[in-house]
>>> print(open('work_20.txt').read())   # compact mmCIF, C-alpha atoms
# COMPACT_ATOMS: atom_id res chain seq x y z
CA MET D 1 -23.68 -47.62 16.99
CA LYS D 2 -24.35 -43.88 16.65
CA ARG D 3 -21.42 -43.07 18.93
CA LEU D 4 -19.18 -45.36 16.91
CA LEU D 5 -20.13 -43.59 13.67
CA ILE D 6 -19.47 -40.18 15.24
CA ALA D 7 -16.07 -41.31 16.51
CA PHE D 8 -15.22 -42.76 13.08
CA ALA D 9 -16.23 -39.54 11.33
CA ALA D 10 -14.12 -37.49 13.76
CA ALA D 11 -11.13 -39.74 13.12
CA ILE D 12 -11.52 -39.38 9.34
CA PHE D 13 -11.73 -35.57 9.73
CA ALA D 14 -8.59 -35.51 11.87
CA VAL D 15 -6.66 -37.60 9.36
CA SER D 16 -7.78 -35.33 6.53
CA LEU D 17 -6.45 -32.28 8.37
CA TYR D 18 -3.14 -33.87 9.34
CA ALA D 19 -1.27 -34.61 6.15
CA GLN D 20 2.39 -35.30 6.85
CA THR D 21 4.61 -33.60 4.29
CA PRO D 22 5.87 -36.12 1.72
CA LYS D 23 9.62 -36.84 1.70
CA ASN D 24 10.01 -35.87 -1.94
CA VAL D 25 7.96 -32.68 -2.12
CA ILE D 26 7.24 -31.20 -5.53
CA TYR D 27 7.17 -27.45 -4.92
CA LYS D 28 5.54 -24.61 -6.77
CA PHE D 29 6.96 -21.15 -6.15
CA THR D 30 5.33 -17.72 -6.04
CA GLU D 31 7.25 -14.44 -6.03
CA ALA D 32 6.56 -12.71 -2.71
CA SER D 33 6.01 -9.33 -4.36
CA ASP D 34 3.14 -10.85 -6.36
CA LEU D 35 1.33 -11.45 -3.07
CA ASN D 36 0.83 -8.67 -0.47
CA LEU D 37 4.07 -6.97 0.52
CA ILE D 38 3.55 -4.67 3.52
CA GLY D 39 5.69 -2.32 5.61
CA LYS D 40 7.12 -0.24 2.73
CA ILE D 41 7.54 3.47 3.42
CA HIS D 42 7.80 4.07 -0.36
CA GLU D 43 5.52 1.67 -2.17
CA ASN D 44 6.83 2.05 -5.73
CA THR D 45 10.49 1.11 -6.05
CA PRO D 46 12.09 -0.56 -9.11
CA ASN D 47 13.15 -3.45 -6.87
CA PRO D 48 10.02 -4.24 -4.80
CA TYR D 49 12.16 -5.33 -1.84
CA HIS D 50 14.03 -2.00 -1.58
CA ARG D 51 12.68 0.53 0.90
CA VAL D 52 13.90 3.57 -1.06
CA ASP D 53 14.63 4.17 -4.74
CA THR D 54 18.32 5.07 -4.55
CA VAL D 55 18.35 6.23 -8.18
CA LYS D 56 15.67 8.83 -7.48
CA TYR D 57 16.93 9.94 -4.04
CA LYS D 58 20.51 11.16 -3.82
CA GLY D 59 22.95 12.04 -1.07
CA PHE D 60 23.30 8.67 0.64
CA THR D 61 26.71 7.37 1.67
CA LEU D 62 27.63 3.86 0.47
CA SER D 63 26.51 2.41 3.82
CA GLU D 64 23.21 4.32 3.77
CA ASN D 65 22.58 3.34 0.16
CA ARG D 66 22.96 -0.33 1.03
CA GLN D 67 20.82 -0.06 4.13
CA VAL D 68 17.81 1.53 2.43
CA ARG D 69 18.02 -1.22 -0.20
CA SER D 70 17.71 -3.87 2.53
CA SER D 71 14.27 -5.25 3.36
CA ALA D 72 14.10 -4.41 7.08
CA GLY D 73 10.50 -4.18 8.29
CA LEU D 74 9.03 -5.70 5.14
CA ALA D 75 6.73 -8.71 5.35
CA VAL D 76 4.62 -10.66 2.89
CA LEU D 77 1.04 -11.71 3.69
CA PHE D 78 -0.47 -14.81 2.12
CA LYS D 79 -2.85 -17.70 2.69
CA THR D 80 -2.01 -21.34 2.07
CA ASN D 81 -3.22 -24.83 2.90
CA SER D 82 0.19 -26.36 2.22
CA THR D 83 1.71 -28.61 4.89
CA VAL D 84 5.14 -27.15 4.09
CA ILE D 85 6.44 -23.62 3.47
CA SER D 86 9.87 -22.86 2.01
CA VAL D 87 11.77 -19.90 0.58
CA LYS D 88 14.25 -19.49 -2.28
CA THR D 89 16.26 -16.26 -2.38
CA GLN D 90 18.36 -14.34 -4.85
CA TYR D 91 20.57 -12.07 -2.75
CA GLY D 92 22.16 -8.79 -3.78
CA TRP D 93 24.79 -7.42 -1.42
CA GLU D 94 25.11 -9.42 1.79
CA TYR D 95 25.84 -8.22 5.32
CA ASN D 96 27.84 -10.00 8.00
CA ALA D 97 27.93 -9.22 11.72
CA VAL D 98 28.88 -10.72 15.07
CA ASN D 99 26.21 -8.94 17.13
CA THR D 100 23.17 -10.00 15.08
CA MET D 101 21.91 -13.50 14.29
CA PRO D 102 22.20 -14.56 10.61
CA ILE D 103 18.51 -15.49 10.82
CA ALA D 104 17.82 -11.78 11.42
CA TYR D 105 20.15 -10.15 8.91
CA ARG D 106 19.78 -12.63 6.01
CA GLY D 107 16.95 -14.97 6.99
CA TYR D 108 13.20 -15.22 7.44
CA ASP D 109 10.67 -15.19 10.25
CA LEU D 110 7.24 -16.82 9.79
CA TYR D 111 4.12 -16.02 11.83
CA ILE D 112 0.72 -17.70 11.41
CA LYS D 113 -2.58 -16.28 12.64
CA ASP D 114 -3.96 -18.14 15.67
CA GLY D 115 -7.42 -16.75 16.41
CA ASP D 116 -6.92 -12.98 16.60
CA LYS D 117 -3.19 -13.15 17.38
CA TRP D 118 -0.04 -13.69 15.36
CA LEU D 119 1.82 -16.75 16.64
CA TRP D 120 5.44 -17.51 15.78
CA ALA D 121 5.71 -20.55 13.51
CA ALA D 122 9.25 -20.85 12.16
CA SER D 123 12.44 -19.00 11.28
CA GLY D 124 15.67 -19.80 9.52
CA ALA D 125 18.41 -18.85 7.08
CA THR D 126 20.65 -20.60 4.60
CA LYS D 127 24.41 -20.57 5.02
CA PRO D 128 26.05 -17.93 2.79
CA GLU D 129 27.59 -20.55 0.49
CA LYS D 130 24.15 -22.13 0.05
CA GLY D 131 22.20 -18.91 -0.37
CA LYS D 132 20.23 -20.08 -3.40
CA ASP D 133 19.09 -23.33 -1.77
CA ASN D 134 15.44 -23.98 -1.03
CA LEU D 135 15.10 -23.16 2.68
CA VAL D 136 12.36 -25.27 4.28
CA LEU D 137 10.96 -23.15 7.11
CA ILE D 138 8.28 -25.54 8.36
CA LYS D 139 6.70 -28.88 7.40
CA ASP D 140 4.23 -31.47 8.71
CA MET D 141 1.48 -28.90 9.28
CA ASP D 142 -2.19 -29.73 8.76
CA ASN D 143 -3.80 -28.86 5.45
CA SER D 144 -6.22 -26.24 6.73
CA MET D 145 -6.04 -22.76 5.19
CA LYS D 146 -3.61 -20.64 7.19
CA GLU D 147 -3.04 -16.88 7.28
CA CYS D 148 0.71 -16.26 7.12
CA MET D 149 3.08 -13.32 7.60
CA LEU D 150 6.68 -13.81 6.50
CA TYR D 151 9.24 -11.18 7.59
CA LEU D 152 12.12 -10.58 5.16
CA PRO D 153 15.84 -10.13 6.03
CA ILE D 154 16.64 -6.96 7.94
CA TYR D 155 20.13 -6.17 6.69
CA THR D 156 20.76 -7.87 3.35
CA GLU D 157 19.56 -6.98 -0.13
CA VAL D 158 17.19 -9.40 -1.82
CA ASN D 159 16.38 -9.32 -5.53
CA SER D 160 13.92 -12.21 -5.50
CA VAL D 161 12.01 -14.03 -2.76
CA LYS D 162 10.05 -17.06 -3.90
CA ILE D 163 7.69 -18.79 -1.47
CA GLY D 164 7.39 -22.53 -1.99
CA VAL D 165 4.36 -24.70 -1.22
CA GLN D 166 3.29 -28.16 -2.32
CA GLN D 167 2.38 -28.41 -5.99
CA ASP D 168 -1.25 -29.34 -5.28
CA ALA D 169 -1.69 -26.76 -2.48
CA THR D 170 -3.25 -23.31 -2.68
CA ILE D 171 -1.33 -20.08 -2.11
CA GLU D 172 -3.06 -16.74 -2.50
CA THR D 173 -2.66 -13.12 -1.49
CA MET D 174 -4.07 -12.00 1.84
CA LYS D 175 -5.65 -8.64 2.64
CA SER D 176 -3.67 -6.75 5.25
CA PRO D 177 -5.27 -6.54 8.70
CA PHE D 178 -2.89 -3.71 9.65
CA ARG D 179 -4.31 -0.20 9.80
CA HIS D 180 -2.89 3.18 8.74
CA ARG D 181 0.61 4.06 7.58
CA ILE D 182 2.94 5.13 10.37
CA GLY D 183 6.47 6.00 9.26
CA ILE D 184 9.29 5.27 11.67
CA PHE D 185 12.81 6.57 11.02
CA GLY D 186 15.61 5.61 13.34
CA SER D 187 18.98 4.16 14.20
CA SER D 188 20.25 0.59 14.45
CA PHE D 189 17.70 0.13 17.23
CA THR D 190 14.82 0.78 14.85
CA HIS D 191 16.64 -1.24 12.18
CA GLY D 192 16.68 -4.25 14.53
CA ILE D 193 20.40 -4.81 15.10
CA SER D 194 21.12 -7.58 17.65
CA THR D 195 17.73 -9.20 17.20
CA SER D 196 17.64 -12.96 16.76
CA ARG D 197 15.13 -12.88 13.89
CA PRO D 198 13.52 -10.28 11.59
CA GLY D 199 10.22 -9.93 13.44
CA MET D 200 11.75 -8.88 16.78
CA SER D 201 12.63 -5.22 16.25
CA TYR D 202 10.50 -2.97 18.47
CA PRO D 203 8.42 -1.55 15.54
CA MET D 204 7.55 -5.06 14.36
CA GLN D 205 6.54 -6.16 17.86
CA LEU D 206 4.34 -3.07 18.22
CA MET D 207 2.79 -3.79 14.84
CA ARG D 208 1.72 -7.31 15.88
CA TRP D 209 0.39 -6.11 19.24
CA THR D 210 -1.57 -3.09 18.04
CA GLY D 211 -2.63 -3.89 14.48
CA LEU D 212 -1.12 -0.57 13.34
CA GLN D 213 1.21 -0.67 10.33
CA PHE D 214 4.71 0.66 10.98
CA LEU D 215 6.81 1.49 7.94
CA SER D 216 10.44 1.13 8.96
CA LEU D 217 13.23 3.34 7.73
CA GLY D 218 15.68 2.11 10.34
CA CYS D 219 19.27 2.76 9.23
CA SER D 220 21.99 1.48 11.52
CA GLY D 221 24.32 4.26 12.65
CA ASN D 222 22.88 6.67 10.09
CA CYS D 223 19.83 8.37 11.58
CA ARG D 224 21.20 11.88 12.08
CA MET D 225 18.32 13.99 10.75
CA GLN D 226 20.05 14.44 7.39
CA PRO D 227 18.07 16.60 4.90
CA TYR D 228 18.18 13.88 2.22
CA PHE D 229 16.52 11.43 4.61
CA GLY D 230 14.06 14.23 5.36
CA LYS D 231 13.25 14.35 1.63
CA VAL D 232 12.41 10.62 1.67
CA LEU D 233 10.08 11.18 4.62
CA CYS D 234 8.53 14.26 3.03
CA ASP D 235 7.58 12.23 -0.05
CA ALA D 236 6.20 9.30 1.94
CA ASN D 237 2.46 8.65 2.19
CA ILE D 238 2.12 8.53 5.98
CA ASP D 239 -0.49 9.28 8.63
CA ALA D 240 2.05 9.83 11.42
CA LEU D 241 5.81 9.86 11.93
CA VAL D 242 7.76 8.30 14.82
CA LEU D 243 11.44 9.19 15.19
CA ASP D 244 14.37 7.57 16.98
CA SER D 245 16.52 10.58 16.09
CA PHE D 246 18.69 11.06 19.15
CA SER D 247 20.52 7.71 19.26
CA ASN D 248 23.13 8.31 16.54
CA PRO D 249 24.02 12.05 16.52
CA GLU D 250 26.10 13.65 19.24
CA ALA D 251 24.73 16.61 21.19
CA LYS D 252 26.13 19.31 18.88
CA VAL D 253 24.54 17.67 15.83
CA ILE D 254 21.18 17.42 17.60
CA GLU D 255 21.47 21.11 18.47
CA LYS D 256 22.21 22.06 14.86
CA ARG D 257 19.74 19.85 13.00
CA LEU D 258 16.64 19.27 15.12
CA PHE D 259 14.56 22.38 14.37
CA PRO D 260 15.43 22.54 10.63
CA PHE D 261 14.52 18.85 10.34
CA ILE D 262 11.14 19.40 12.01
CA GLU D 263 10.46 22.38 9.73
CA GLN D 264 11.40 20.35 6.64
CA ILE D 265 8.97 17.55 7.58
CA ARG D 266 6.24 19.96 8.66
CA LYS D 267 6.19 21.74 5.28
CA ALA D 268 5.39 18.46 3.54
CA HIS D 269 3.11 17.08 6.27
CA PRO D 270 1.43 20.10 7.89
CA ASP D 271 -0.87 18.26 10.28
CA ILE D 272 0.38 14.75 11.04
CA PRO D 273 1.71 13.95 14.53
CA ILE D 274 5.52 13.91 14.67
CA ILE D 275 6.60 11.84 17.67
CA PHE D 276 10.21 11.89 18.85
CA GLN D 277 11.61 9.24 21.18
CA GLN D 278 14.30 9.83 23.76
CA THR D 279 17.26 7.53 23.15
CA ILE D 280 17.62 4.56 25.47
CA TYR D 281 20.18 4.07 28.22
CA ARG D 282 23.13 2.19 26.73
CA GLU D 283 24.70 -0.30 29.13
CA ARG D 284 28.23 0.55 27.96
CA ARG D 285 27.82 3.68 30.13
CA ASN D 286 27.94 1.63 33.33
CA PHE D 287 31.72 1.89 33.80
CA ASN D 288 32.95 3.74 30.70
CA LYS D 289 33.13 7.39 31.80
CA SER D 290 33.68 8.92 28.36
CA SER D 291 30.74 6.96 26.93
CA ASP D 292 28.59 8.05 29.86
CA GLU D 293 29.48 11.70 29.24
CA ILE D 294 28.60 11.48 25.53
CA GLU D 295 25.33 9.69 26.15
CA ARG D 296 24.31 12.01 28.97
CA ALA D 297 24.93 15.06 26.77
CA LYS D 298 22.80 13.56 23.98
CA GLN D 299 19.88 12.82 26.30
CA GLU D 300 20.04 16.18 28.08
CA THR D 301 20.27 18.12 24.80
CA ALA D 302 17.36 16.17 23.33
CA ALA D 303 15.20 16.74 26.41
CA ARG D 304 15.96 20.48 26.50
CA LEU D 305 15.33 21.08 22.81
CA MET D 306 12.24 18.90 22.65
CA LYS D 307 10.69 20.89 25.49
CA GLN D 308 11.03 23.93 23.24
CA ALA D 309 9.95 22.08 20.09
CA CYS D 310 6.72 20.80 21.62
CA LYS D 311 5.76 24.41 22.40
CA LYS D 312 7.01 25.90 19.14
CA TYR D 313 5.56 23.41 16.64
CA LYS D 314 2.04 22.07 16.27
CA ASN D 315 1.48 18.33 16.89
CA VAL D 316 5.09 17.59 17.86
CA TYR D 317 5.56 15.20 20.79
CA PHE D 318 8.35 13.70 22.91
CA ILE D 319 8.09 10.30 24.62
CA GLN D 320 10.42 8.35 26.90
CA THR D 321 11.86 4.91 26.20
CA ASN D 322 13.20 2.03 28.25
CA ALA D 323 14.97 -1.11 27.05
CA THR D 324 16.35 -2.52 30.28
CA ASP D 325 15.16 -3.95 33.59
CA GLN D 326 16.35 -3.68 37.19
CA LEU D 327 19.06 -6.27 36.60
CA HIS D 328 20.48 -4.43 33.57
CA GLU D 329 20.89 -7.73 31.73
CA THR D 330 19.19 -6.89 28.42
CA SER D 331 22.18 -5.70 26.36
CA VAL D 332 23.93 -7.76 23.68
CA ASP D 333 27.01 -5.60 23.13
CA GLY D 334 26.66 -2.61 25.44
CA THR D 335 24.76 -0.66 22.79
CA HIS D 336 22.01 -2.82 21.35
CA PRO D 337 19.27 -4.55 23.35
CA SER D 338 18.44 -8.24 23.09
CA ASP D 339 15.04 -9.43 21.91
CA TYR D 340 13.81 -9.00 25.48
CA GLY D 341 15.25 -5.48 25.60
CA TYR D 342 13.38 -4.58 22.42
CA THR D 343 10.21 -6.02 23.95
CA LEU D 344 10.72 -3.72 26.95
CA TRP D 345 11.24 -0.80 24.57
CA ALA D 346 8.02 -1.55 22.70
CA LYS D 347 6.11 -1.86 25.99
CA SER D 348 7.56 1.40 27.31
CA ILE D 349 6.24 3.46 24.39
CA GLN D 350 3.04 1.58 23.59
CA LYS D 351 0.64 3.50 25.84
CA PRO D 352 1.93 7.06 25.22
CA LEU D 353 2.21 6.35 21.50
CA LEU D 354 -1.32 4.98 21.21
CA LYS D 355 -2.66 7.91 23.26
CA ILE D 356 -1.10 10.44 20.86
CA LEU D 357 -2.20 8.56 17.75
CA LYS D 358 -5.77 8.21 19.07
CA LYS D 359 -5.88 11.97 19.58
CA HIS D 360 -5.31 12.26 15.82
CA GLY D 361 -7.90 9.65 14.86
CA ILE D 362 -5.32 6.88 14.35
CA LYS D 363 -6.45 3.78 16.20
>>> encode(input="work_20.txt", output="structure tokens")
Amino acid sequence: MKRLLIAFAAAIFAVSLYAQTPKNVIYKFTEASDLNLIGKIHENTPNPYHRVDTVKYKGFTLSENRQVRSSAGLAVLFKTNSTVISVKTQYGWEYNAVNTMPIAYRGYDLYIKDGDKWLWAASGATKPEKGKDNLVLIKDMDNSMKECMLYLPIYTEVNSVKIGVQQDATIETMKSPFRHRIGIFGSSFTHGISTSRPGMSYPMQLMRWTGLQFLSLGCSGNCRMQPYFGKVLCDANIDALVLDSFSNPEAKVIEKRLFPFIEQIRKAHPDIPIIFQQTIYRERRNFNKSSDEIERAKQETAARLMKQACKKYKNVYFIQTNATDQLHETSVDGTHPSDYGYTLWAKSIQKPLLKILKKHGIK
């Protein structure tokens, strides 16, 4: 009899946890910025989903202006016991590309905490003509309280992001488990171009693995150590700075701008570690001789100058990267890595990066 009662109680408990989402859900919506929005290199912008205030900071080209208004690297943290999670979006300008999944450039990527790890839960995007529709990311979950992290679109402007849960469910802000504020400025690689979903850029993968907060200022094709980008970084509240600065500029631009750029940053941040990354090997070099010559010159110039910079400037470092394997099958378009390539990149810099950061009390 006792065993029967225990089994009955366990069955009742299981049923109470598993509550299939009703067919006709009545949603309540919460603006994402009213919860805990993380990953912003500048925390106070008129539009909370912009990375930089483009009224305050001048000098950007049209492309750069649009890119810094996109929400790449931003995520919202919240807790909910809803069995369904959806998103409604008001878009600003919208991007379109053939080398990046729409889920990445205009969609969402949901992770839920499983023990001490972030586990992928769902991702998706509306079609452009149905942009304002309620996008149901996941349903039929149990009704336990879950810790959620929702990555926002990497290359499209959003003016409003409303998270939908069941009307009778709880949704509340969640304290960030991510430590420190590590700025990361870089090219399309850092931006996340050619990823399948927003959480797969190498900074976002590193963030989940290490628990360190990376604040992305990835700008596709536009990371050339421009002084006006330097001003944005100078004004940022950061504990360290990681740079993917040698992927976009050609060798002569690297030669001209590297030392002045370091000196500009160092004046504003006298003691923080400034960590430069060597650019990756681009697979388009395999048979294209002119591309190989350009890329080789960039890498050789960066290596030569960084050897000098590490001696000349305090707390300046240079680390190597890798985004391919022995089969050389990790490229999407000859320039940008696939998700797996970005995973290899993150793995290649994880140990040297953590070693440098630990030296400066960042762990």
>>> residues_near_point(input="work_20.txt", point="(4.6, -30.9, 5.0)", cutoff="10 Å", atoms="all atoms listed in the file", output="JSON, numbers by chain")
{"D": [18, 19, 20, 21, 22, 23, 25, 82, 83, 84, 85, 136, 138, 139, 140, 141, 142, 143, 165, 166]}
>>> write_last_selection(input="work_20.txt", atoms="C-alpha atoms", output="mmCIF file, keeping the file's coordinate frame")
data_model
loop_
_atom_site.group_PDB
_atom_site.id
_atom_site.type_symbol
_atom_site.label_atom_id
_atom_site.label_comp_id
_atom_site.auth_asym_id
_atom_site.auth_seq_id
_atom_site.Cartn_x
_atom_site.Cartn_y
_atom_site.Cartn_z
ATOM 1 C CA TYR D 18 -3.140 -33.870 9.340
ATOM 2 C CA ALA D 19 -1.270 -34.610 6.150
ATOM 3 C CA GLN D 20 2.390 -35.300 6.850
ATOM 4 C CA THR D 21 4.610 -33.600 4.290
ATOM 5 C CA PRO D 22 5.870 -36.120 1.720
ATOM 6 C CA LYS D 23 9.620 -36.840 1.700
ATOM 7 C CA VAL D 25 7.960 -32.680 -2.120
ATOM 8 C CA SER D 82 0.190 -26.360 2.220
ATOM 9 C CA THR D 83 1.710 -28.610 4.890
ATOM 10 C CA VAL D 84 5.140 -27.150 4.090
ATOM 11 C CA ILE D 85 6.440 -23.620 3.470
ATOM 12 C CA VAL D 136 12.360 -25.270 4.280
ATOM 13 C CA ILE D 138 8.280 -25.540 8.360
ATOM 14 C CA LYS D 139 6.700 -28.880 7.400
ATOM 15 C CA ASP D 140 4.230 -31.470 8.710
ATOM 16 C CA MET D 141 1.480 -28.900 9.280
ATOM 17 C CA ASP D 142 -2.190 -29.730 8.760
ATOM 18 C CA ASN D 143 -3.800 -28.860 5.450
ATOM 19 C CA VAL D 165 4.360 -24.700 -1.220
ATOM 20 C CA GLN D 166 3.290 -28.160 -2.320
#
>>> closest_residue(input="work_20.txt", among="D:Trp93, D:Trp345, D:Tyr151, D:Tyr57", to="Trp120 of chain D", atoms="all atoms listed in the file")
D:Tyr151
>>> closest_residue(input="work_20.txt", among="D:Asn36, D:Asn47, D:Ser290, D:Gln326", to="Pro177 of chain D", atoms="all atoms listed in the file")
D:Asn36
>>> residues_around(input="work_20.txt", residues="Ala32 of chain D", least_positions_apart="2", cutoff="7 Å", atoms="all atoms listed in the file", output="short mmCIF file (atom, residue, chain, number, x, y, z; two decimals) with C-alpha atoms, in the frame of the given file")
data_model
loop_
_atom_site.label_atom_id
_atom_site.label_comp_id
_atom_site.auth_asym_id
_atom_site.auth_seq_id
_atom_site.Cartn_x
_atom_site.Cartn_y
_atom_site.Cartn_z
CA THR D 30 5.33 -17.72 -6.04
CA ASP D 34 3.14 -10.85 -6.36
CA LEU D 35 1.33 -11.45 -3.07
CA VAL D 76 4.62 -10.66 2.89
CA VAL D 161 12.01 -14.03 -2.76
CA LYS D 162 10.05 -17.06 -3.90
CA ILE D 163 7.69 -18.79 -1.47
#
>>> residues_around(input="work_20.txt", residues="Phe229 of chain D", least_positions_apart="5", cutoff="10 Å", atoms="all atoms listed in the file", output="MDAnalysis selection string")
chainID D and resid 57:60 64 185 217 222:224 234 261
>>> atom_distance(input="work_20.txt", atom1="atom CA of Arg181 of chain D", atom2="atom CA of Pro203 of chain D")
12.5 Å
>>> residues_around(input="work_20.txt", residues="Arg208 of chain D", least_positions_apart="5", cutoff="9 Å", atoms="all atoms listed in the file", output="list in words")
Lys117, Trp118, Phe178, Pro203 and Gln213 of chain D
>>> atom_distance(input="work_20.txt", atom1="atom CA of Val87 of chain D", atom2="atom CA of Leu150 of chain D")
9.9 Å
